[in-house]
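To start, the structure under review is shown below, and the notes come after it.
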Amino acid sequence: MIRLYRYCIQHPRRVIASAVLLSAVVSPGVLRLRLRTDGHALVPHDAPEIVVDRAIREDFGIDDPVVVVIHSDDPSGIYNTHTLTLLDELTTIFKAMDGVRPGNVFSLATEYGDRVFPGTLRFRRLLEPLPTTPEELERLRDDIRAIKLYSGTMVSFDEQSAAILVGAAPGVDRVDLYRRIGETIASRGEIPEKVAVIGAPVAEALLGTHILEDLGVPNDLLGLRTRSR
């Protein structure tokens, strides 16, 4: 150690040149590094609990949900045509996204009630057809209150917010999924509703991005900015 110290003192230019050369060699590899902050990345891959959890997820097709919350300040809460149309359209777009299994996207637009199409035994989805008149909107409210299952899950207890659950499939880039969901919402332009994107996959993605930002990695490489300029 003493000899190394003396060498650094006696030959500073050589030390600097070596450091620059080492950085040039290592940098390309650093850019390919991928930071994973999801729960499974923080424990051994072959841990018994992880093995069982992975088997259950595969058998039942379970994904970690990204939750898109749509909040309306309308006096009728979410039971207005604009909010329900927004929820229905976003649900359709999310189901078609790469890395998302359509069967793991849930909202009022995907769920069935106890009403059937006239002359058939085929049950209708809650938003099929989309309610537009005051009578239809009130009927939908009454149906959801009667079912009760969706209160506090798909619809907030105060009926001012509704949720879309978007499953993050195994292996999907969660930062990219969060970015694409955000871009989809932003593409709607100015809307009266407030929309938030939350959930464990989002927290894990933003944690990793925060760490890389703190390390000085440029936002152009991250593909996502979590802080304002």
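Chain identifiers are assigned as A, B, and so on, following the order in which chains appear in the structure tokens; residues are numbered from 1 within each chain, and ligands are numbered from 1 in order of appearance.
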inquiry  = Going by DSSP on the backbone, which residues of region 41-110 of chain A come out as strand (DSSP E)? List them as number ranges by chain.
reply    = A: 64-71, 105-106
Can I get the selection written as a PDB file, in the first residue's frame, with N, CA and C atoms?
```
ATOM      1  N   ASP A  64     -48.241  -8.311 -11.071  1.00  0.00           N
ATOM      2  CA  ASP A  64     -48.306  -7.173 -10.161  1.00  0.00           C
ATOM      3  C   ASP A  64     -49.059  -6.040 -10.854  1.00  0.00           C
ATOM      4  N   PRO A  65     -50.082  -5.471 -10.211  1.00  0.00           N
ATOM      5  CA  PRO A  65     -50.897  -4.463 -10.898  1.00  0.00           C
ATOM      6  C   PRO A  65     -50.350  -3.044 -10.801  1.00  0.00           C
ATOM      7  N   VAL A  66     -50.338  -2.368 -11.945  1.00  0.00           N
ATOM      8  CA  VAL A  66     -50.196  -0.918 -11.976  1.00  0.00           C
ATOM      9  C   VAL A  66     -51.612  -0.366 -11.867  1.00  0.00           C
ATOM     10  N   VAL A  67     -51.834   0.576 -10.963  1.00  0.00           N
ATOM     11  CA  VAL A  67     -53.179   1.092 -10.727  1.00  0.00           C
ATOM     12  C   VAL A  67     -53.296   2.501 -11.308  1.00  0.00           C
ATOM     13  N   VAL A  68     -54.186   2.639 -12.274  1.00  0.00           N
ATOM     14  CA  VAL A  68     -54.467   3.952 -12.864  1.00  0.00           C
ATOM     15  C   VAL A  68     -55.755   4.461 -12.228  1.00  0.00           C
ATOM     16  N   VAL A  69     -55.644   5.529 -11.447  1.00  0.00           N
ATOM     17  CA  VAL A  69     -56.795   6.063 -10.711  1.00  0.00           C
ATOM     18  C   VAL A  69     -57.319   7.306 -11.428  1.00  0.00           C
ATOM     19  N   ILE A  70     -58.584   7.270 -11.777  1.00  0.00           N
ATOM     20  CA  ILE A  70     -59.248   8.401 -12.439  1.00  0.00           C
ATOM     21  C   ILE A  70     -60.176   9.060 -11.427  1.00  0.00           C
ATOM     22  N   HIS A  71     -59.909  10.326 -11.121  1.00  0.00           N
ATOM     23  CA  HIS A  71     -60.707  11.051 -10.123  1.00  0.00           C
ATOM     24  C   HIS A  71     -61.520  12.140 -10.811  1.00  0.00           C
ATOM     25  N   VAL A 105     -56.066  -6.997 -17.298  1.00  0.00           N
ATOM     26  CA  VAL A 105     -56.465  -5.598 -17.202  1.00  0.00           C
ATOM     27  C   VAL A 105     -57.914  -5.579 -16.725  1.00  0.00           C
ATOM     28  N   PHE A 106     -58.158  -4.881 -15.616  1.00  0.00           N
ATOM     29  CA  PHE A 106     -59.484  -4.899 -15.013  1.00  0.00           C
ATOM     30  C   PHE A 106     -59.971  -3.475 -14.736  1.00  0.00           C
TER      31      PHE A 106
END
```
Within 12 Å of His82 (chain A) using only C-alpha atoms, minus same-chain residues under 4 positions, as an MDAnalysis selection string = chainID A and resid 70:74 76:78 86:89 130:133 137 191:193
request  = Quote the spacing between CA of Asp63 (chain A) and CA of Glu204 (chain A) in Å to one decimal place.
outcome  =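 If I compute the distance from CA of Asp63 (chain A) to CA of Glu204 (chain A), I get 14.2 Å.
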key: Residue list (helix (DSSP H, G or I), DSSP) for region 73-121 of chain A, as a list in words   =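 Secondary structure check on region 73-121 of chain A, helix (DSSP H, G or I): Thr81, His82, Thr83, Leu84, Thr85, Leu86, Leu87, Asp88, Glu89, Leu90, Thr91, Thr92, Ile93, Phe94, Lys95, Pro102, Gly103 and Asn104 of chain A.
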Kindly save the residues from that selection, with C-alpha atoms included, as a compact mmCIF listing (two decimals), in the first residue's frame.
```txt
# COMPACT_ATOMS: atom_id res chain seq x y z
CA THR A 81 -70.48 10.15 -19.55
CA HIS A 82 -67.09 11.84 -19.98
CA THR A 83 -65.41 10.03 -17.10
CA LEU A 84 -66.84 6.63 -18.04
CA THR A 85 -65.85 7.15 -21.68
CA LEU A 86 -62.30 7.98 -20.58
CA LEU A 87 -62.17 4.88 -18.40
CA ASP A 88 -63.52 2.68 -21.20
CA GLU A 89 -61.09 4.03 -23.82
CA LEU A 90 -58.02 3.82 -21.56
CA THR A 91 -58.93 0.26 -20.63
CA THR A 92 -59.05 -0.72 -24.31
CA ILE A 93 -55.68 0.91 -25.03
CA PHE A 94 -53.98 -0.67 -22.02
CA LYS A 95 -55.22 -4.15 -23.01
CA PRO A 102 -55.30 -8.44 -21.92
CA GLY A 103 -56.87 -10.78 -19.38
CA ASN A 104 -54.98 -9.03 -16.59
```
request  = Measure the distance from CA of Gln160 (chain A) to CA of Phe117 (chain A) in Å and round it to one decimal.
outcome  =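 Computing the Euclidean distance for CA of Gln160 (chain A) and CA of Phe117 (chain A) yields 28.6 Å.
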inquiry  = I'd like the interatomic distance between CA of Thr184 (chain A) and CA of Pro75 (chain A), to a tenth of an Å.
reply    = 26.3 Å
